[in-house]
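Next comes target-v2.cif, with mmCIF, C-alpha atoms and all ligand atoms.
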data_final
loop_
_atom_site.label_atom_id
_atom_site.label_comp_id
_atom_site.auth_asym_id
_atom_site.auth_seq_id
_atom_site.Cartn_x
_atom_site.Cartn_y
_atom_site.Cartn_z
CA MET S 11 41.46 69.53 147.94
CA PRO S 12 42.61 73.12 148.76
CA PRO S 13 39.94 75.61 149.94
CA ALA S 14 40.11 77.78 146.83
CA GLY S 15 39.13 76.24 143.54
CA HIS S 16 36.04 75.96 141.36
CA LEU S 17 33.09 73.93 142.65
CA LEU S 18 30.03 72.82 140.69
CA VAL S 19 27.14 72.72 143.19
CA THR S 20 24.09 70.97 141.78
CA GLY S 21 20.80 71.66 143.55
CA GLY S 22 22.44 74.79 144.99
CA ALA S 23 19.18 76.77 144.99
CA GLY S 24 17.51 74.32 147.39
CA PHE S 25 17.52 74.24 151.17
CA ILE S 26 20.86 72.61 152.08
CA GLY S 27 22.64 73.38 148.80
CA SER S 28 21.99 77.12 149.15
CA ALA S 29 23.31 77.06 152.74
CA PHE S 30 26.48 75.41 151.42
CA VAL S 31 26.88 78.08 148.71
CA ARG S 32 26.21 81.00 151.08
CA ASP S 33 28.61 79.63 153.70
CA VAL S 34 31.47 78.82 151.31
CA LEU S 35 31.27 82.07 149.33
CA GLY S 36 30.70 84.09 152.52
CA ARG S 37 34.07 82.94 153.84
CA ARG S 38 35.81 84.93 151.08
CA ASP S 39 38.68 82.50 150.61
CA GLY S 40 38.70 82.77 146.80
CA THR S 41 36.59 79.66 146.10
CA ARG S 42 34.44 80.00 142.97
CA ILE S 43 31.06 78.29 142.67
CA THR S 44 28.83 77.47 139.73
CA VAL S 45 25.32 76.44 140.76
CA LEU S 46 23.40 74.13 138.43
CA ASP S 47 19.75 73.94 139.45
CA LYS S 48 16.58 73.02 137.58
CA LEU S 49 14.50 75.30 139.83
CA THR S 50 11.77 72.78 140.52
CA TYR S 51 8.99 73.84 142.91
CA ALA S 52 11.59 73.34 145.70
CA GLY S 53 14.37 75.45 144.16
CA ASN S 54 14.45 79.20 144.60
CA GLU S 55 17.11 81.50 143.20
CA SER S 56 16.25 84.06 145.87
CA ASN S 57 17.81 81.67 148.42
CA LEU S 58 21.08 83.00 146.99
CA ALA S 59 20.07 86.68 147.02
CA ALA S 60 22.69 87.46 149.68
CA VAL S 61 25.40 86.21 147.32
CA ALA S 62 24.03 88.15 144.35
CA ALA S 63 23.88 91.33 146.47
CA ASP S 64 27.56 91.20 147.43
CA PRO S 65 29.90 92.25 144.57
CA GLU S 66 32.87 90.30 145.94
CA GLN S 67 30.86 87.07 146.21
CA LEU S 68 29.01 87.68 142.95
CA ALA S 69 32.35 87.83 141.12
CA ARG S 70 33.02 84.23 142.22
CA TYR S 71 29.51 82.92 141.53
CA ARG S 72 27.56 81.82 138.48
CA PHE S 73 24.03 80.43 138.26
CA VAL S 74 22.96 78.03 135.49
CA ARG S 75 19.38 76.85 135.24
CA GLY S 76 19.39 73.26 133.99
CA ASP S 77 18.85 69.59 134.69
CA ILE S 78 21.52 67.23 136.05
CA ALA S 79 19.99 64.57 133.81
CA ASP S 80 20.89 66.61 130.69
CA PRO S 81 24.39 65.61 129.44
CA ALA S 82 24.64 68.66 127.16
CA VAL S 83 24.36 70.99 130.13
CA VAL S 84 26.36 68.91 132.59
CA GLY S 85 29.37 68.05 130.38
CA PRO S 86 30.90 71.53 129.94
CA LEU S 87 30.18 72.49 133.56
CA VAL S 88 31.99 69.44 134.93
CA ALA S 89 34.83 70.08 132.47
CA ASP S 90 35.29 73.47 134.10
CA ALA S 91 35.06 72.34 137.77
CA GLY S 92 37.55 70.92 140.26
CA ALA S 93 34.81 69.13 142.19
CA VAL S 94 31.09 68.42 141.96
CA ILE S 95 28.83 68.47 145.02
CA ASN S 96 25.51 66.88 144.14
CA PHE S 97 22.67 68.15 146.31
CA ALA S 98 20.14 67.94 143.46
CA ALA S 99 17.24 65.59 144.20
CA GLU S 100 13.54 65.40 144.63
CA SER S 101 13.64 65.39 148.42
CA HIS S 102 10.16 64.92 149.90
CA VAL S 103 9.10 61.41 150.96
CA ASP S 104 5.36 62.15 150.76
CA ARG S 105 5.64 63.40 147.17
CA SER S 106 7.63 60.27 146.29
CA ILE S 107 4.71 58.19 147.52
CA LEU S 108 2.25 60.20 145.40
CA ASP S 109 4.43 60.38 142.22
CA PRO S 110 7.72 58.43 142.26
CA GLU S 111 8.94 58.97 138.67
CA ALA S 112 10.72 62.32 139.03
CA PHE S 113 12.64 60.86 141.99
CA LEU S 114 14.10 58.18 139.75
CA VAL S 115 14.91 60.50 136.86
CA THR S 116 16.89 62.92 139.03
CA GLY S 117 18.11 60.45 141.67
CA VAL S 118 19.31 57.73 139.30
CA ILE S 119 19.64 59.03 135.71
CA GLY S 120 20.79 62.44 136.95
CA VAL S 121 23.51 60.88 139.09
CA HIS S 122 24.52 58.66 136.16
CA VAL S 123 24.91 61.73 133.91
CA LEU S 124 27.10 63.46 136.52
CA LEU S 125 29.22 60.32 136.92
CA GLU S 126 29.71 59.93 133.18
CA ALA S 127 30.85 63.56 132.92
CA CYS S 128 33.30 62.97 135.80
CA ARG S 129 34.56 59.81 134.12
CA ARG S 130 35.27 61.74 130.92
CA GLU S 131 37.16 64.39 132.90
CA ALA S 132 39.13 61.71 134.78
CA GLY S 133 40.20 60.41 131.35
CA ARG S 134 41.33 63.90 130.34
CA ALA S 135 43.32 64.20 133.58
CA ALA S 136 44.97 60.83 132.90
CA ARG S 137 46.03 62.15 129.46
CA GLY S 138 47.42 65.33 131.04
CA GLU S 139 44.65 67.49 129.52
CA ARG S 140 43.59 68.84 132.93
CA ALA S 141 45.38 69.10 136.27
CA ALA S 142 43.40 66.51 138.28
CA ALA S 143 40.30 64.38 138.01
CA PRO S 144 37.20 65.94 139.60
CA ARG S 145 35.97 64.71 142.98
CA LEU S 146 32.23 63.98 143.22
CA VAL S 147 30.47 64.32 146.57
CA GLN S 148 27.14 62.49 146.42
CA VAL S 149 24.87 63.90 149.12
CA SER S 150 22.78 61.00 150.36
CA THR S 151 20.60 60.35 153.39
CA ASP S 152 20.14 58.24 156.52
CA GLU S 153 16.91 56.98 154.94
CA VAL S 154 18.91 54.50 152.86
CA TYR S 155 19.34 52.37 156.04
CA GLY S 156 15.57 52.11 156.50
CA SER S 157 13.94 52.12 159.92
CA ILE S 158 16.38 51.39 162.79
CA ALA S 159 14.61 49.67 165.68
CA GLU S 160 17.53 50.07 168.10
CA GLY S 161 21.16 51.17 168.13
CA ALA S 162 22.67 53.31 165.38
CA ALA S 163 23.44 52.51 161.74
CA ARG S 164 27.09 52.35 160.71
CA GLU S 165 28.37 53.02 157.22
CA GLY S 166 28.97 49.34 156.41
CA ASP S 167 25.46 48.23 157.39
CA PRO S 168 23.18 46.87 154.67
CA LEU S 169 20.88 49.35 152.95
CA ALA S 170 17.13 48.81 153.32
CA PRO S 171 15.29 51.81 151.83
CA ARG S 172 11.53 51.74 152.30
CA SER S 173 10.09 54.65 150.27
CA PRO S 174 10.54 55.51 146.57
CA TYR S 175 12.55 58.55 147.70
CA ALA S 176 14.90 56.46 149.84
CA ALA S 177 15.19 53.78 147.15
CA ALA S 178 16.17 56.39 144.54
CA LYS S 179 18.77 57.86 146.94
CA ALA S 180 20.17 54.38 147.64
CA ALA S 181 20.36 53.67 143.90
CA GLY S 182 22.15 56.98 143.26
CA GLU S 183 24.80 56.41 145.88
CA GLN S 184 25.31 52.76 144.88
CA LEU S 185 25.88 53.91 141.31
CA ALA S 186 28.38 56.49 142.55
CA ARG S 187 30.19 53.85 144.57
CA SER S 188 30.26 51.50 141.58
CA TYR S 189 32.05 54.18 139.52
CA HIS S 190 34.70 54.40 142.22
CA VAL S 191 35.19 50.63 142.27
CA THR S 192 35.00 50.08 138.51
CA TYR S 193 36.61 53.21 137.06
CA GLY S 194 38.60 54.49 140.05
CA LEU S 195 36.57 57.70 140.13
CA ASP S 196 37.15 60.00 143.12
CA VAL S 197 33.74 59.68 144.79
CA VAL S 198 32.73 60.32 148.42
CA ILE S 199 29.24 59.82 149.84
CA THR S 200 27.57 61.57 152.78
CA ARG S 201 24.49 60.29 154.58
CA GLY S 202 22.88 63.20 156.39
CA SER S 203 20.27 63.10 159.10
CA ASN S 204 16.93 65.02 159.20
CA THR S 205 17.88 68.61 158.53
CA TYR S 206 16.05 71.78 159.59
CA GLY S 207 16.65 75.53 159.52
CA PRO S 208 16.06 78.72 157.49
CA TYR S 209 14.98 78.38 153.83
CA GLN S 210 13.55 74.85 154.23
CA HIS S 211 10.57 74.31 151.96
CA PRO S 212 7.35 74.37 154.00
CA GLU S 213 6.35 70.86 152.88
CA LYS S 214 8.66 69.32 155.54
CA LEU S 215 7.59 68.71 159.17
CA ILE S 216 9.22 71.64 161.00
CA PRO S 217 8.53 74.44 158.49
CA LEU S 218 5.05 73.05 157.69
CA PHE S 219 3.99 72.97 161.32
CA LEU S 220 5.67 76.29 162.05
CA THR S 221 3.95 78.14 159.19
CA ASN S 222 0.57 76.42 159.75
CA ALA S 223 0.76 77.36 163.44
CA LEU S 224 1.58 80.99 162.58
CA ASP S 225 -1.68 80.94 160.54
CA ASP S 226 -3.57 79.06 163.30
CA GLN S 227 -4.16 76.19 160.87
CA PRO S 228 -4.28 72.50 161.91
CA LEU S 229 -1.01 70.57 162.20
CA PRO S 230 -1.40 67.12 160.55
CA MET S 231 0.62 64.71 162.71
CA TYR S 232 0.96 61.28 161.10
CA GLY S 233 -0.20 58.35 163.26
CA ASP S 234 0.76 58.40 166.92
CA GLY S 235 3.57 60.95 166.43
CA LEU S 236 6.07 58.73 168.22
CA GLN S 237 8.32 58.31 165.18
CA ARG S 238 11.85 59.43 166.00
CA ARG S 239 14.26 61.57 163.97
CA ASP S 240 17.75 62.88 164.79
CA TRP S 241 17.71 66.62 163.99
CA LEU S 242 20.67 68.27 162.25
CA TYR S 243 20.92 72.04 161.81
CA VAL S 244 21.34 73.09 158.19
CA SER S 245 24.69 74.89 158.55
CA ASP S 246 26.09 71.82 160.33
CA HIS S 247 24.94 69.60 157.45
CA ALA S 248 26.44 71.97 154.86
CA GLY S 249 29.67 72.21 156.87
CA ALA S 250 29.93 68.43 157.14
CA VAL S 251 29.54 68.05 153.37
CA GLU S 252 32.33 70.58 152.85
CA HIS S 253 34.49 68.81 155.43
CA VAL S 254 34.05 65.53 153.54
CA LEU S 255 34.79 67.32 150.25
CA ARG S 256 38.10 68.58 151.65
CA HIS S 257 39.16 65.64 153.84
CA GLY S 258 37.12 62.55 152.93
CA VAL S 259 38.82 59.41 151.68
CA ALA S 260 37.89 58.47 148.09
CA GLY S 261 35.36 55.64 147.98
CA GLU S 262 34.22 56.17 151.59
CA VAL S 263 30.78 56.85 153.02
CA TYR S 264 30.31 59.26 155.94
CA ASN S 265 27.27 59.39 158.22
CA ILE S 266 26.32 62.91 159.37
CA PRO S 267 24.24 62.45 162.52
CA GLY S 268 22.13 65.17 164.12
CA ALA S 269 22.27 66.69 167.59
CA ALA S 270 18.94 65.53 169.04
CA GLU S 271 16.99 62.31 168.61
CA LEU S 272 13.38 63.24 169.39
CA PRO S 273 9.89 61.83 168.83
CA ASN S 274 7.81 64.01 166.50
CA ARG S 275 5.42 64.86 169.36
CA GLU S 276 8.29 66.42 171.30
CA VAL S 277 9.47 68.46 168.27
CA ILE S 278 5.91 69.74 167.83
CA ARG S 279 5.60 70.56 171.55
CA ILE S 280 8.85 72.57 171.49
CA LEU S 281 7.75 74.43 168.36
CA LEU S 282 4.33 75.32 169.77
CA GLU S 283 5.89 76.47 173.04
CA ARG S 284 8.28 78.82 171.20
CA LEU S 285 5.42 80.15 169.09
CA GLY S 286 3.02 80.53 172.04
CA LYS S 287 0.40 78.45 170.19
CA PRO S 288 -1.87 75.77 171.71
CA TRP S 289 -1.50 71.98 171.37
CA SER S 290 -5.16 71.89 170.23
CA LEU S 291 -3.90 72.84 166.73
CA VAL S 292 -2.37 69.33 166.42
CA ARG S 293 -4.51 66.76 164.59
CA GLU S 294 -3.72 63.06 164.50
CA VAL S 295 -4.15 62.03 160.86
CA GLU S 296 -3.84 58.82 158.82
CA ASP S 297 -0.21 57.68 158.84
CA ARG S 298 2.27 57.89 155.96
CA PRO S 299 2.36 54.47 154.20
CA GLY S 300 5.52 52.55 155.10
CA HIS S 301 6.40 55.25 157.65
CA ASP S 302 9.92 54.67 159.03
CA ARG S 303 9.66 54.56 162.80
CA ARG S 304 13.17 55.68 163.68
CA TYR S 305 16.40 56.91 162.10
CA ALA S 306 19.69 56.85 164.00
CA MET S 307 23.30 56.86 162.80
CA ASP S 308 26.69 56.35 164.37
CA GLY S 309 28.96 59.36 163.74
CA ALA S 310 32.35 57.92 164.73
CA ARG S 311 33.78 57.95 161.20
CA ILE S 312 33.13 61.63 160.46
CA ARG S 313 34.27 62.59 163.98
CA GLU S 314 37.56 60.79 163.27
CA LEU S 315 37.82 62.98 160.18
CA GLY S 316 37.66 66.00 162.51
CA TRP S 317 34.04 67.17 162.07
CA ARG S 318 31.88 68.20 165.04
CA ASN S 319 28.19 69.06 165.20
CA ARG S 320 28.02 72.63 166.55
CA THR S 321 24.35 73.51 166.94
CA PRO S 322 22.27 72.17 169.84
CA PHE S 323 18.61 71.66 168.93
CA GLU S 324 17.38 74.46 171.27
CA VAL S 325 19.68 76.94 169.51
CA GLY S 326 18.82 75.75 165.99
CA ILE S 327 15.08 75.68 166.56
CA ALA S 328 15.11 79.18 168.08
CA ALA S 329 17.00 80.50 165.03
CA THR S 330 14.60 78.67 162.71
CA VAL S 331 11.47 80.06 164.38
CA ASP S 332 12.95 83.57 164.31
CA TRP S 333 13.84 83.24 160.63
CA PHE S 334 10.39 82.06 159.56
CA ARG S 335 8.74 84.80 161.61
CA ALA S 336 10.97 87.40 159.91
CA ASN S 337 10.60 85.97 156.38
CA GLU S 338 6.88 85.58 155.85
CA ALA S 339 7.08 86.73 152.21
CA TRP S 340 9.57 83.92 151.50
CA TRP S 341 7.40 81.12 152.90
CA ARG S 342 4.17 82.48 151.46
CA ALA S 343 5.84 82.47 148.02
CA ALA S 344 6.98 78.87 148.60
CA ARG S 345 3.37 77.98 149.39
CA SER S 346 2.22 79.00 145.90
CA GLY S 347 2.24 77.32 142.48
CA ASP S 348 1.10 73.72 142.93
CA TRP S 349 0.94 74.11 146.73
CA ASP S 350 -2.86 74.16 147.18
CA ALA S 351 -3.35 71.16 144.88
CA TYR S 352 -0.56 69.26 146.65
CA TYR S 353 -1.89 70.17 150.10
CA GLU S 354 -5.39 69.01 149.21
CA ARG S 355 -4.09 65.73 147.77
CA GLN S 356 -1.81 65.02 150.73
CA TYR S 357 -3.92 66.34 153.60
CA GLY S 358 -7.53 66.96 152.43
CA ALA S 359 -8.98 63.54 153.30
CA ARG S 360 -6.56 63.10 156.22
CA LEU S 361 -7.71 66.31 157.92
CA ALA S 362 -11.38 65.54 157.20
CA THR S 363 -11.04 62.31 159.21
CA SER S 364 -8.53 63.55 161.81
CA LEU S 365 -8.64 63.07 165.57
CA GLU S 366 -7.56 65.22 168.50
CA ALA S 367 -3.93 64.40 169.21
P1 LIG H 401 15.48 70.61 148.34
O1 LIG H 401 14.28 69.89 147.78
O2 LIG H 401 15.26 71.80 149.21
O3 LIG H 401 16.43 71.11 147.15
C1 LIG H 401 16.70 70.31 146.03
C2 LIG H 401 17.23 71.23 144.94
O4 LIG H 401 17.57 70.42 143.82
C3 LIG H 401 16.22 72.26 144.45
O5 LIG H 401 16.83 73.52 144.32
C4 LIG H 401 15.78 71.73 143.09
O6 LIG H 401 15.39 72.76 142.19
C5 LIG H 401 17.05 71.03 142.64
N1 LIG H 401 16.81 69.97 141.66
C6 LIG H 401 15.89 68.98 141.73
N2 LIG H 401 15.97 68.19 140.64
C7 LIG H 401 16.99 68.69 139.88
C8 LIG H 401 17.57 68.30 138.66
N3 LIG H 401 17.11 67.24 137.97
N4 LIG H 401 18.59 69.03 138.17
C9 LIG H 401 19.06 70.12 138.84
N5 LIG H 401 18.53 70.53 140.00
C10 LIG H 401 17.51 69.83 140.52
O7 LIG H 401 16.33 69.50 149.07
P2 LIG H 401 17.25 69.59 150.37
O8 LIG H 401 16.44 69.31 151.55
O9 LIG H 401 18.09 70.81 150.29
O10 LIG H 401 18.19 68.31 150.12
C11 LIG H 401 19.39 68.43 149.37
C12 LIG H 401 20.03 67.06 149.25
O11 LIG H 401 20.29 66.56 150.56
C13 LIG H 401 19.14 66.02 148.58
O12 LIG H 401 19.96 65.21 147.78
C14 LIG H 401 18.56 65.22 149.74
O13 LIG H 401 18.27 63.90 149.34
C15 LIG H 401 19.70 65.28 150.73
N6 LIG H 401 19.32 65.19 152.14
C16 LIG H 401 18.34 66.01 152.65
C17 LIG H 401 18.05 65.94 154.01
C18 LIG H 401 16.96 66.80 154.63
O14 LIG H 401 16.57 66.55 155.78
N7 LIG H 401 16.47 67.84 153.95
C19 LIG H 401 18.71 65.04 154.83
C20 LIG H 401 19.70 64.20 154.25
C21 LIG H 401 19.99 64.30 152.92
O1 LIG H 402 16.29 61.66 157.34
C1 LIG H 402 16.71 62.43 156.25
C2 LIG H 402 15.51 62.80 155.43
O2 LIG H 402 14.75 63.70 156.22
C3 LIG H 402 15.86 63.43 154.10
O3 LIG H 402 16.56 62.49 153.32
C4 LIG H 402 14.60 63.89 153.37
O4 LIG H 402 14.95 64.59 152.19
C5 LIG H 402 13.84 64.82 154.29
O5 LIG H 402 12.61 65.20 153.68
C6 LIG H 402 13.55 64.15 155.63
O6 LIG H 402 12.63 63.04 155.49
P1 LIG H 402 11.49 62.74 156.59
O7 LIG H 402 10.41 61.99 155.94
O8 LIG H 402 12.06 62.20 157.83
O9 LIG H 402 11.06 64.27 156.90
P2 LIG H 402 9.63 64.98 156.97
O10 LIG H 402 9.88 66.39 157.37
O11 LIG H 402 8.80 64.74 155.76
O12 LIG H 402 8.96 64.21 158.20
C7 LIG H 402 9.58 64.18 159.46
C8 LIG H 402 8.69 63.37 160.39
O13 LIG H 402 7.46 64.07 160.58
C9 LIG H 402 8.32 62.01 159.83
O14 LIG H 402 8.21 61.07 160.89
C10 LIG H 402 6.94 62.25 159.23
C11 LIG H 402 6.34 63.29 160.15
N1 LIG H 402 5.37 64.21 159.50
C12 LIG H 402 5.77 64.87 158.40
C13 LIG H 402 4.90 65.71 157.72
C14 LIG H 402 5.33 66.45 156.49
C15 LIG H 402 4.11 64.37 160.04
O15 LIG H 402 3.76 63.79 161.07
N2 LIG H 402 3.24 65.19 159.38
C16 LIG H 402 3.58 65.87 158.25
O16 LIG H 402 2.72 66.59 157.68
#
Before anything else, please render the file you have as structure tokens.
Amino acid sequence: MPPAGHLLVTGGAGFIGSAFVRDVLGRRDGTRITVLDKLTYAGNESNLAAVAADPEQLARYRFVRGDIADPAVVGPLVADAGAVINFAAESHVDRSILDPEAFLVTGVIGVHVLLEACRREAGRAARGERAAAPRLVQVSTDEVYGSIAEGAAREGDPLAPRSPYAAAKAAGEQLARSYHVTYGLDVVITRGSNTYGPYQHPEKLIPLFLTNALDDQPLPMYGDGLQRRDWLYVSDHAGAVEHVLRHGVAGEVYNIPGAAELPNREVIRILLERLGKPWSLVREVEDRPGHDRRYAMDGARIRELGWRNRTPFEVGIAATVDWFRANEAWWRAARSGDWDAYYERQYGARLATSLEA
């Protein structure tokens, strides 16, 4: 697909989706983007304020508030787009354990609605009513592989999701793949690693611990803190998704590994060191049920496609800490609405029975 064109970016007001939109529009290569976002508690139109403030980018950008599970909204937007990049999802594992339903509605029905709209457009292309069928990039996750005791998961490995979030993501990508096999739809799937960086909602490990530490509040570390994640900087994740959009082979899956596999304790130590805050803030709390011990993926396939991870963890974490320090109003606003009720439900009893870490 050529760089210029019209992209429909669903979930484009969230953490990774907004990075994708800012990066693509900021390149000024003529690409137009329509963002479709429901603006759940995790979505924030102000994540795209830089786009709205720049007349050249604004002319190539449109924002639509709506649900990917609503065919009446999705149909006309897909009809008007050359490709769909689906970032929209409920994305927090802990919330999926508390209340799974929304994860299924967006992650399964929402993906189905997008696929049906693409199928209709593929039919129109076949009848010569539009230039080409739309490509759908389904943004998925390493969590679909489940916990990886040793080695690194490859794209052909069996899926073994272990949380409602991961199960919904696995269902969504399997559905997408089935539309490629059954209807010949142009679908590509990415499986990204744990992502971090500016604009990440403070419910996730790095921004939660960073913002709690800035307020000298306790940091609730689940279990022994020796769970391992492979950290991927947000602009690298967004760039990899775009690379797969432009160069990926229809029907393929691409792992997007991170740049640093680290135990949570080490991530927390690095964060506290950068912030100049003491380890005594860390509390060992009751573990997440079904907590995946380790994620790790093999990145040979996306490297063969020409993509490289550019941001070492030390560089990314320094930029992240600086951004959160400089954008206190942003993260305080994200910690509003249902935040206090969620925090109490997730951490109240855990912190009351916590231990020194
Ligand atoms: P996020 O929670 O920050 O953003 C999700 C966005 O989707 C929000 O703007 C939200 O309003 C929107 N949304 C939710 N339901 C919607 C619906 N029904 N219709 C339209 N919009 C809806 O999530 P994120 O961390 O940016 O993740 C983006 C995607 O990347 C997700 O699909 C996630 O599963 C995947 N992913 C995330 C990571 C990570 O570490 N954050 C890693 C791998 C894959
Ligand atoms: O691996 C990709 C996935 O990474 C994405 O698909 C998800 O959308 C994203 O949320 C993330 O999932 P994780 O569960 O790995 O990320 P989270 O930030 O919630 O947790 C990272 C690790 O930190 C995990 O081992 C749990 C631990 N943790 C997390 C929180 C929020 C804690 O110890 N305490 C906490 O309070």
Would you pick out the contacts of segment 195-198 of chain S at 8 Å or less, using only C-alpha atoms, so that residues sharing its chain but fewer than 6 positions from it are not included, and give the list as a JSON list (two decimals) with C-alpha atoms, keeping the file's coordinate frame?
[["chain", "number", "residue", "atom", "x", "y", "z"],
["S", 128, "CYS", "CA", 33.30, 62.97, 135.80],
["S", 129, "ARG", "CA", 34.56, 59.81, 134.12],
["S", 132, "ALA", "CA", 39.13, 61.71, 134.78],
["S", 143, "ALA", "CA", 40.30, 64.38, 138.01],
["S", 144, "PRO", "CA", 37.20, 65.94, 139.60],
["S", 145, "ARG", "CA", 35.97, 64.71, 142.98],
["S", 146, "LEU", "CA", 32.23, 63.98, 143.22],
["S", 147, "VAL", "CA", 30.47, 64.32, 146.57],
["S", 148, "GLN", "CA", 27.14, 62.49, 146.42],
["S", 186, "ALA", "CA", 28.38, 56.49, 142.55],
["S", 187, "ARG", "CA", 30.19, 53.85, 144.57],
["S", 189, "TYR", "CA", 32.05, 54.18, 139.52],
["S", 254, "VAL", "CA", 34.05, 65.53, 153.54],
["S", 255, "LEU", "CA", 34.79, 67.32, 150.25],
["S", 258, "GLY", "CA", 37.12, 62.55, 152.93],
["S", 259, "VAL", "CA", 38.82, 59.41, 151.68],
["S", 260, "ALA", "CA", 37.89, 58.47, 148.09],
["S", 261, "GLY", "CA", 35.36, 55.64, 147.98],
["S", 262, "GLU", "CA", 34.22, 56.17, 151.59],
["S", 263, "VAL", "CA", 30.78, 56.85, 153.02],
["S", 264, "TYR", "CA", 30.31, 59.26, 155.94]]
Please produce, as JSON lines, a per-residue contact table for chain S versus ligand LIG 402 (chain H) (criterion: any atom at most 6 Å away, all atoms listed in the file considered), showing the nearest atom pair and its distance in Å to one decimal, sorted by chain then residue number.
{"residue": "S:Ser101", "atom": "CA", "partner": "H:LIG402", "partner_atom": "O4", "distance": 4.1}
{"residue": "S:His102", "atom": "CA", "partner": "H:LIG402", "partner_atom": "O5", "distance": 4.5}
{"residue": "S:Val103", "atom": "CA", "partner": "H:LIG402", "partner_atom": "O7", "distance": 5.2}
{"residue": "S:Thr151", "atom": "CA", "partner": "H:LIG402", "partner_atom": "O3", "distance": 4.6}
{"residue": "S:Asp152", "atom": "CA", "partner": "H:LIG402", "partner_atom": "O1", "distance": 5.2}
{"residue": "S:Glu153", "atom": "CA", "partner": "H:LIG402", "partner_atom": "O1", "distance": 5.3}
{"residue": "S:Ser203", "atom": "CA", "partner": "H:LIG402", "partner_atom": "O1", "distance": 4.6}
{"residue": "S:Asn204", "atom": "CA", "partner": "H:LIG402", "partner_atom": "O1", "distance": 3.9}
{"residue": "S:Glu213", "atom": "CA", "partner": "H:LIG402", "partner_atom": "C14", "distance": 5.8}
{"residue": "S:Lys214", "atom": "CA", "partner": "H:LIG402", "partner_atom": "O10", "distance": 3.7}
{"residue": "S:Leu215", "atom": "CA", "partner": "H:LIG402", "partner_atom": "O10", "distance": 3.7}
{"residue": "S:Pro230", "atom": "CA", "partner": "H:LIG402", "partner_atom": "O16", "distance": 5.0}
{"residue": "S:Met231", "atom": "CA", "partner": "H:LIG402", "partner_atom": "O15", "distance": 3.7}
{"residue": "S:Tyr232", "atom": "CA", "partner": "H:LIG402", "partner_atom": "O15", "distance": 3.8}
{"residue": "S:Gln237", "atom": "CA", "partner": "H:LIG402", "partner_atom": "O14", "distance": 5.1}
{"residue": "S:Asn274", "atom": "CA", "partner": "H:LIG402", "partner_atom": "O13", "distance": 5.9}
Nearby residues, ligand LIG 401 (chain H), 7 Å, all atoms listed in the file, as a PyMOL selection string: chain S and resi 20-27+46-54+76-79+96-102+116+120+149-152+179+201-206+210-211
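If you measure from each of S:Val154, S:Ala250, S:Val295, S:Leu87 to Leu169 of chain S using only C-alpha atoms, the closest one turns out to be S:Val154.
Note that the spacing between atom CA of Asn265 of chain S and atom CA of Gly300 of chain S amounts to 23.0 Å.
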Could you list, as a VMD selection string, every residue within 6 Å of segment 326-334 of chain S, counting all atoms listed in the file and ignoring same-chain residues fewer than 3 positions away? chain S and resid 207 to 208 243 323 337
Go through S:Leu218, S:Val88, S:Leu361, S:Ala351 and flag the residue nearest Asp297 of chain S, using only C-alpha atoms for the distances.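 Among the listed residues, S:Leu361 lies closest to Asp297 of chain S.
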Please work out which residues fall within 12 Å of (30.3, 89.6, 146.0), coordinates as given in the file, with all atoms listed in the file counting, and return them as a VMD selection string. chain S and resid 32 35 to 43 58 to 72
Between S:Ser346, S:Val84, S:His253, S:Ser364, which is the closest to Arg130 of chain S once you count all atoms listed in the file?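 When distances to Arg130 of chain S are compared using all atoms listed in the file, the smallest one comes from S:Val84.
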Can you tell me, as a PyMOL selection string, what residues are no more than 9 Å from Ala270 of chain S when counting only C-alpha atoms, ignoring any on the same chain fewer than 2 positions away? chain S and resi 239-242+267-268+272+322-323
